[in-house]
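Chemist: Structure: my_file_10.pdb, PDB, C-alpha atoms.
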```
ATOM      1  CA  ILE L   1       0.000   0.000   0.000
ATOM      2  CA  LEU L   2       2.788   2.413   0.969
ATOM      3  CA  ARG L   3       4.817   1.419  -2.093
ATOM      4  CA  ASN L   4       1.929   1.821  -4.526
ATOM      5  CA  GLN L   5       0.762   5.136  -3.092
ATOM      6  CA  LEU L   6       4.293   6.549  -3.132
ATOM      7  CA  HIS L   7       4.712   5.401  -6.727
ATOM      8  CA  TYR L   8       1.451   7.103  -7.777
ATOM      9  CA  ALA L   9       2.350  10.318  -5.931
ATOM     10  CA  LEU L  10       5.852  10.470  -7.414
ATOM     11  CA  ALA L  11       4.583   9.609 -10.903
ATOM     12  CA  HIS L  12       2.177  12.542 -10.585
ATOM     13  CA  HIS L  13       4.888  14.814  -9.143
ATOM     14  CA  PHE L  14       7.268  14.091 -12.023
ATOM     15  CA  SER L  15       4.456  13.756 -14.615
ATOM     16  CA  ASP L  16       6.164  10.490 -15.478
ATOM     17  CA  GLY L  17       4.907   6.975 -14.792
ATOM     18  CA  ASN L  18       8.489   5.769 -15.317
ATOM     19  CA  TRP L  19       9.989   8.161 -12.754
ATOM     20  CA  ILE L  20      11.862   5.362 -10.952
ATOM     21  CA  ILE L  21      13.897   4.700 -14.099
ATOM     22  CA  ASN L  22      14.049   8.220 -15.518
ATOM     23  CA  GLN L  23      14.975  10.010 -12.280
ATOM     24  CA  LYS L  24      18.347   8.247 -12.167
ATOM     25  CA  THR L  25      19.547  11.417 -13.873
ATOM     26  CA  GLY L  26      17.254  13.667 -11.840
ATOM     27  CA  PHE L  27      16.667  13.953  -8.102
ATOM     28  CA  MET L  28      18.596  10.717  -7.418
ATOM     29  CA  ILE L  29      21.833  12.542  -8.299
ATOM     30  CA  ALA L  30      20.949  15.989  -6.957
ATOM     31  CA  PRO L  31      23.990  17.988  -5.789
ATOM     32  CA  SER L  32      22.408  18.401  -2.339
ATOM     33  CA  LEU L  33      22.898  14.654  -1.767
ATOM     34  CA  THR L  34      26.654  15.269  -1.595
ATOM     35  CA  TYR L  35      28.038  16.818   1.564
ATOM     36  CA  THR L  36      31.148  16.892   3.741
ATOM     37  CA  ASN L  37      31.067  14.666   6.809
ATOM     38  CA  LYS L  38      31.709  16.953   9.792
ATOM     39  CA  ARG L  39      33.673  14.337  11.694
ATOM     40  CA  THR L  40      35.809  12.817   8.933
ATOM     41  CA  LYS L  41      35.892  15.893   6.658
ATOM     42  CA  LYS L  42      35.358  13.522   3.722
ATOM     43  CA  LYS L  43      32.948  14.116   0.885
ATOM     44  CA  VAL L  44      29.939  11.780   1.130
ATOM     45  CA  THR L  45      27.183  11.168  -1.408
ATOM     46  CA  ASN L  46      23.856   9.752  -0.341
ATOM     47  CA  ASP L  47      23.158   7.714  -3.443
ATOM     48  CA  TYR L  48      21.163   4.974  -1.714
ATOM     49  CA  ILE L  49      18.040   5.359  -3.876
ATOM     50  CA  LEU L  50      20.089   5.427  -7.082
ATOM     51  CA  LYS L  51      22.100   2.349  -6.047
ATOM     52  CA  GLU L  52      18.949   0.428  -5.159
ATOM     53  CA  VAL L  53      17.346   1.231  -8.519
ATOM     54  CA  LEU L  54      20.512   0.201 -10.393
ATOM     55  CA  LYS L  55      20.739  -2.984  -8.313
ATOM     56  CA  ALA L  56      17.111  -3.841  -9.127
ATOM     57  CA  GLU L  57      17.648  -3.191 -12.841
ATOM     58  CA  LYS L  58      20.706  -5.464 -12.855
ATOM     59  CA  LYS L  59      18.856  -8.213 -10.981
ATOM     60  CA  ILE L  60      15.973  -8.045 -13.462
ATOM     61  CA  ALA L  61      18.280  -7.977 -16.501
ATOM     62  CA  ASP L  62      20.296 -10.906 -15.106
ATOM     63  CA  ARG L  63      17.088 -12.955 -15.115
ATOM     64  CA  GLY L  64      16.850 -12.278 -18.837
ATOM     65  CA  VAL L  65      13.695 -10.235 -18.408
ATOM     66  CA  ARG L  66      12.970  -6.764 -19.762
ATOM     67  CA  VAL L  67      13.499  -4.003 -17.198
ATOM     68  CA  THR L  68      10.210  -2.200 -16.598
ATOM     69  CA  THR L  69       9.053   0.338 -14.056
ATOM     70  CA  GLY L  70       6.722  -2.213 -12.469
ATOM     71  CA  ARG L  71       9.514  -4.736 -12.050
ATOM     72  CA  VAL L  72      11.934  -2.166 -10.621
ATOM     73  CA  ILE L  73       9.278  -1.016  -8.148
ATOM     74  CA  ALA L  74       8.479  -4.610  -7.160
ATOM     75  CA  GLU L  75      12.166  -5.289  -6.400
ATOM     76  CA  GLN L  76      12.435  -2.460  -3.885
ATOM     77  CA  THR L  77      12.598  -3.112  -0.152
ATOM     78  CA  LEU L  78      10.727  -1.347   2.620
ATOM     79  CA  GLY L  79      14.032   0.386   3.399
ATOM     80  CA  PHE L  80      14.005   1.905  -0.079
ATOM     81  CA  TRP L  81      10.531   3.367   0.407
ATOM     82  CA  ASN L  82      11.453   4.433   3.941
ATOM     83  CA  SER L  83      14.308   6.534   2.523
ATOM     84  CA  PHE L  84      11.793   8.896   0.901
ATOM     85  CA  TYR L  85      10.945  10.069   4.435
ATOM     86  CA  GLU L  86      14.557  10.805   5.344
ATOM     87  CA  THR L  87      15.200  14.550   5.478
ATOM     88  CA  HIS L  88      17.408  14.878   2.386
ATOM     89  CA  HIS L  89      15.174  12.983  -0.063
ATOM     90  CA  TYR L  90      11.995  14.387   1.448
ATOM     91  CA  ALA L  91      13.227  17.950   0.896
ATOM     92  CA  LEU L  92      14.267  17.172  -2.692
ATOM     93  CA  LEU L  93      10.762  15.882  -3.358
ATOM     94  CA  ALA L  94       9.078  18.981  -1.897
ATOM     95  CA  GLY L  95       7.167  16.972   0.705
ATOM     96  CA  VAL L  96       5.368  14.791  -1.845
ATOM     97  CA  PRO L  97       5.808  11.575   0.196
ATOM     98  CA  CYS L  98       3.565  12.889   2.994
ATOM     99  CA  ARG L  99       0.784  13.757   0.563
ATOM    100  CA  ILE L 100      -0.168  10.086   0.294
ATOM    101  CA  PHE L 101      -1.581  10.331   3.830
ATOM    102  CA  LYS L 102      -5.104  11.652   3.294
ATOM    103  CA  LYS L 103      -6.001  11.505   7.005
ATOM    104  CA  LEU L 104      -2.734  12.276   8.772
ATOM    105  CA  PRO L 105      -3.542  13.475  12.308
ATOM    106  CA  PRO L 106      -2.593  17.009  13.351
ATOM    107  CA  GLY L 107       0.956  17.201  14.637
ATOM    108  CA  PHE L 108       2.121  14.283  12.497
ATOM    109  CA  GLY L 109       4.522  14.784   9.622
ATOM    110  CA  ARG L 110       7.613  13.428   7.936
ATOM    111  CA  LYS L 111       9.498  12.542  11.124
ATOM    112  CA  GLU L 112       6.600  10.651  12.696
ATOM    113  CA  ILE L 113       5.933   8.738   9.480
ATOM    114  CA  ASN L 114       9.620   7.892   9.170
ATOM    115  CA  ASP L 115       9.717   6.701  12.791
ATOM    116  CA  ILE L 116       6.705   4.431  12.236
ATOM    117  CA  ILE L 117       8.180   2.893   9.092
ATOM    118  CA  VAL L 118      11.405   2.242  11.023
ATOM    119  CA  GLN L 119       9.378   0.478  13.753
ATOM    120  CA  VAL L 120       7.581  -1.643  11.145
ATOM    121  CA  ARG L 121      10.912  -2.538   9.538
ATOM    122  CA  GLU L 122      12.274  -3.583  12.939
ATOM    123  CA  LEU L 123       9.215  -5.799  13.549
ATOM    124  CA  ARG L 124       9.516  -7.329  10.088
ATOM    125  CA  ASN L 125      13.227  -7.985  10.640
ATOM    126  CA  ARG L 126      12.592  -9.605  14.016
ATOM    127  CA  ILE L 127      10.024 -11.902  12.405
ATOM    128  CA  ASN L 128      12.303 -12.713   9.447
ATOM    129  CA  HIS L 129      15.156 -13.573  11.822
ATOM    130  CA  ASN L 130      12.883 -15.723  13.994
ATOM    131  CA  GLU L 131      13.375 -13.456  16.986
ATOM    132  CA  PRO L 132      10.669 -13.544  19.650
ATOM    133  CA  ILE L 133       8.050 -10.828  19.371
ATOM    134  CA  CYS L 134       5.691 -11.956  22.119
ATOM    135  CA  PHE L 135       7.916 -12.761  25.082
ATOM    136  CA  VAL L 136       9.073 -10.529  27.916
ATOM    137  CA  ASN L 137      11.263 -12.066  30.617
ATOM    138  CA  ARG L 138      10.480 -15.550  29.272
ATOM    139  CA  LYS L 139       6.750 -14.982  29.673
ATOM    140  CA  CYS L 140       4.246 -14.726  26.875
ATOM    141  CA  ASP L 141       3.302 -11.066  26.477
ATOM    142  CA  PHE L 142       1.477  -9.753  23.425
ATOM    143  CA  SER L 143       1.627  -6.068  24.367
ATOM    144  CA  TYR L 144       4.380  -5.301  21.806
ATOM    145  CA  VAL L 145       2.519  -7.149  19.040
ATOM    146  CA  LYS L 146      -0.780  -5.466  19.928
ATOM    147  CA  GLY L 147       0.915  -2.079  19.963
ATOM    148  CA  MET L 148       2.496  -2.688  16.565
ATOM    149  CA  TYR L 149      -0.836  -3.901  15.183
ATOM    150  CA  THR L 150      -2.437  -0.629  16.299
ATOM    151  CA  ILE L 151       0.419   1.422  14.837
ATOM    152  CA  ILE L 152       0.199  -0.387  11.484
ATOM    153  CA  SER L 153      -3.618  -0.159  11.403
ATOM    154  CA  ASP L 154      -3.512   3.570  12.136
ATOM    155  CA  PHE L 155      -0.762   4.089   9.558
ATOM    156  CA  LEU L 156      -2.786   2.363   6.839
ATOM    157  CA  THR L 157      -5.925   4.258   7.848
ATOM    158  CA  TRP L 158      -4.054   7.550   7.472
ATOM    159  CA  ILE L 159      -3.344   6.584   3.864
ATOM    160  CA  ASP L 160      -6.921   5.470   3.207
ATOM    161  CA  PRO L 161      -9.648   5.076   5.841
ATOM    162  CA  GLU L 162     -11.197   2.248   3.795
ATOM    163  CA  ILE L 163      -8.116   0.007   3.939
ATOM    164  CA  MET L 164      -8.678  -1.643   7.321
ATOM    165  CA  PRO L 165     -12.390  -2.388   6.720
ATOM    166  CA  SER L 166     -11.450  -3.900   3.345
ATOM    167  CA  LEU L 167      -8.943  -6.219   5.082
ATOM    168  CA  LYS L 168     -11.488  -7.478   7.627
ATOM    169  CA  GLU L 169     -11.937 -10.833   5.852
ATOM    170  CA  VAL L 170      -8.224 -11.687   5.816
ATOM    171  CA  ASP L 171      -7.010  -9.908   8.959
ATOM    172  CA  LYS L 172      -6.850 -12.574  11.675
ATOM    173  CA  VAL L 173      -4.190 -10.971  13.892
ATOM    174  CA  CYS L 174      -6.465  -9.970  16.778
ATOM    175  CA  LYS L 175      -8.268 -13.338  16.781
ATOM    176  CA  ILE L 176      -4.978 -15.244  16.878
ATOM    177  CA  ILE L 177      -3.649 -13.069  19.701
ATOM    178  CA  GLU L 178      -6.867 -13.534  21.674
ATOM    179  CA  LYS L 179      -6.723 -17.303  21.137
ATOM    180  CA  GLU L 180      -3.093 -17.450  22.305
ATOM    181  CA  GLU L 181      -3.794 -15.255  25.320
ATOM    182  CA  ASN L 182      -6.655 -17.554  26.308
ATOM    183  CA  LYS L 183      -4.306 -20.551  26.050
ATOM    184  CA  GLN L 184      -1.919 -18.790  28.435
ATOM    185  CA  LYS L 185      -4.687 -18.337  31.004
ATOM    186  CA  GLN L 186      -5.446 -22.063  31.124
TER     187      GLN L 186
END
```
Kindly transcribe the structure held in the file into structure tokens.

Modeler:
Amino acid sequence: ILRNQLHYALAHHFSDGNWIINQKTGFMIAPSLTYTNKRTKKKVTNDYILKEVLKAEKKIADRGVRVTTGRVIAEQTLGFWNSFYETHHYALLAGVPCRIFKKLPPGFGRKEINDIIVQVRELRNRINHNEPICFVNRKCDFSYVKGMYTIISDFLTWIDPEIMPSLKEVDKVCKIIEKEENKQKQ
């Protein structure tokens, strides 16, 4: 949902449905992405988005398949999309990434969205690495999972209030948590 909405917003912003390919010579190489590191005094270029697009194109081409915008977008990680909410890219894009949130609460902006995406990435990484997400001090505790569920639900609702109701048929998270909590009480 985040990926698709960001793609649509950026395609509109650049008036180009192929922005992810064509902006390799645009905002992805903007001079403002190069700066001097205050500590090391070395010149640094934040070319993360560019590198990820090039990496995706190579991966697609290596499979012997034609490189298309849809395929390049599909190859991108949550970290890639998260980077649009980092200060430097966000400024280059004139705040477009936040415009996908139709119902963003007052007081919420780029930083809060970025922080939430980072939390979701951390949860996803914990799950992918088989790290426990429902244990505290060796006891079953679903408070973290419930909190993350609420954060994710709110986040999706800010993009489109109809998303969560449309997922009702497939969303079993709360039922599974309730079932597991009841098992713990026995």

Chemist: If the PyMOL selection byres ((chain L and resi 33-39) around 12) is run on the structure shown, which residues does it catch, given as a list in words?

Modeler: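 That selection, the PyMOL selection byres ((chain L and resi 33-39) around 12), comes back as Gly26, Phe27, Met28, Ile29, Ala30, Pro31, Ser32, Thr40, Lys41, Lys42, Lys43, Val44, Thr45, Asn46, Asp47, Tyr48, Ile49, Leu50, Glu86, Thr87, His88, His89, Tyr90, Ala91 and Leu92 of chain L.
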
Chemist: For stretch 123-128 of chain L, please output as a list in words all residues within 12 Å (counting all atoms listed in the file; exclusion window: fewer than 6 positions along the same chain).

Modeler: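 That gives Thr77, Leu78, Gly79, Ile116, Ile117, Cys134, Tyr144, Val145, Lys146, Gly147, Met148, Tyr149, Ile151 and Ile152 of chain L.
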
Chemist: List, as a list in words, every residue that the PyMOL selection byres ((chain L and resi 21) around 10) selects in the file provided.

Modeler: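 With the PyMOL selection byres ((chain L and resi 21) around 10) on this model, the match is Asp16, Gly17, Asn18, Trp19, Ile20, Asn22, Gln23, Lys24, Thr25, Gly26, Leu50, Val53, Leu54, Glu57, Val67, Thr68, Thr69, Val72 and Ile73 of chain L.
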
Chemist: What would the selection look like, as a ChimeraX atom specification, if the PyMOL selection byres ((chain L and resi 142) around 12) were run on the coordinates I just shared?

Modeler: /L:132-136,139-141,143-149,173-174,176-182,184

Chemist: Using only C-alpha atoms, can you tell me which of L:Val120, L:Val170, L:Lys58, L:Ile159 comes closest to L:Arg99?

Modeler: L:Ile159

Chemist: If I take atom CA of L:Asp115 and atom CA of L:Phe155, how far is one from the other in Å, to one decimal?

Modeler: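 Calculated distance between atom CA of L:Asp115 and atom CA of L:Phe155 is 11.3 Å.
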
Chemist: Can you put N, CA and C atoms back into stretch 169-184 of chain L and show it as a PDB file, keeping the file's coordinate frame?

Modeler:
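Generated output (part00.pdb):
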```pdb
ATOM      1  N   GLU L 169     -11.805  -9.402   6.170  1.00  0.00           N
ATOM      2  CA  GLU L 169     -11.937 -10.833   5.852  1.00  0.00           C
ATOM      3  C   GLU L 169     -10.637 -11.607   6.027  1.00  0.00           C
ATOM      4  N   VAL L 170      -9.513 -10.978   5.757  1.00  0.00           N
ATOM      5  CA  VAL L 170      -8.224 -11.687   5.816  1.00  0.00           C
ATOM      6  C   VAL L 170      -7.406 -11.372   7.063  1.00  0.00           C
ATOM      7  N   ASP L 171      -7.762 -10.316   7.771  1.00  0.00           N
ATOM      8  CA  ASP L 171      -7.010  -9.908   8.959  1.00  0.00           C
ATOM      9  C   ASP L 171      -7.434 -10.752  10.161  1.00  0.00           C
ATOM     10  N   LYS L 172      -6.561 -11.668  10.554  1.00  0.00           N
ATOM     11  CA  LYS L 172      -6.850 -12.574  11.675  1.00  0.00           C
ATOM     12  C   LYS L 172      -5.945 -12.311  12.880  1.00  0.00           C
ATOM     13  N   VAL L 173      -5.184 -11.241  12.855  1.00  0.00           N
ATOM     14  CA  VAL L 173      -4.190 -10.971  13.892  1.00  0.00           C
ATOM     15  C   VAL L 173      -4.819 -10.922  15.281  1.00  0.00           C
ATOM     16  N   CYS L 174      -5.859 -10.119  15.445  1.00  0.00           N
ATOM     17  CA  CYS L 174      -6.465  -9.970  16.778  1.00  0.00           C
ATOM     18  C   CYS L 174      -7.067 -11.283  17.277  1.00  0.00           C
ATOM     19  N   LYS L 175      -7.685 -12.045  16.382  1.00  0.00           N
ATOM     20  CA  LYS L 175      -8.268 -13.338  16.781  1.00  0.00           C
ATOM     21  C   LYS L 175      -7.189 -14.316  17.226  1.00  0.00           C
ATOM     22  N   ILE L 176      -6.079 -14.338  16.517  1.00  0.00           N
ATOM     23  CA  ILE L 176      -4.978 -15.244  16.878  1.00  0.00           C
ATOM     24  C   ILE L 176      -4.373 -14.831  18.220  1.00  0.00           C
ATOM     25  N   ILE L 177      -4.192 -13.550  18.423  1.00  0.00           N
ATOM     26  CA  ILE L 177      -3.649 -13.069  19.701  1.00  0.00           C
ATOM     27  C   ILE L 177      -4.593 -13.451  20.840  1.00  0.00           C
ATOM     28  N   GLU L 178      -5.879 -13.203  20.635  1.00  0.00           N
ATOM     29  CA  GLU L 178      -6.867 -13.534  21.674  1.00  0.00           C
ATOM     30  C   GLU L 178      -6.845 -15.032  21.991  1.00  0.00           C
ATOM     31  N   LYS L 179      -6.776 -15.846  20.954  1.00  0.00           N
ATOM     32  CA  LYS L 179      -6.723 -17.303  21.137  1.00  0.00           C
ATOM     33  C   LYS L 179      -5.483 -17.700  21.945  1.00  0.00           C
ATOM     34  N   GLU L 180      -4.340 -17.129  21.601  1.00  0.00           N
ATOM     35  CA  GLU L 180      -3.093 -17.450  22.305  1.00  0.00           C
ATOM     36  C   GLU L 180      -3.112 -16.942  23.744  1.00  0.00           C
ATOM     37  N   GLU L 181      -3.690 -15.774  23.950  1.00  0.00           N
ATOM     38  CA  GLU L 181      -3.794 -15.255  25.320  1.00  0.00           C
ATOM     39  C   GLU L 181      -4.685 -16.154  26.173  1.00  0.00           C
ATOM     40  N   ASN L 182      -5.763 -16.642  25.576  1.00  0.00           N
ATOM     41  CA  ASN L 182      -6.655 -17.554  26.308  1.00  0.00           C
ATOM     42  C   ASN L 182      -5.947 -18.854  26.658  1.00  0.00           C
ATOM     43  N   LYS L 183      -5.094 -19.339  25.764  1.00  0.00           N
ATOM     44  CA  LYS L 183      -4.306 -20.551  26.050  1.00  0.00           C
ATOM     45  C   LYS L 183      -3.406 -20.320  27.259  1.00  0.00           C
ATOM     46  N   GLN L 184      -2.835 -19.112  27.337  1.00  0.00           N
ATOM     47  CA  GLN L 184      -1.919 -18.790  28.435  1.00  0.00           C
ATOM     48  C   GLN L 184      -2.630 -18.759  29.785  1.00  0.00           C
TER      49      GLN L 184
END
```
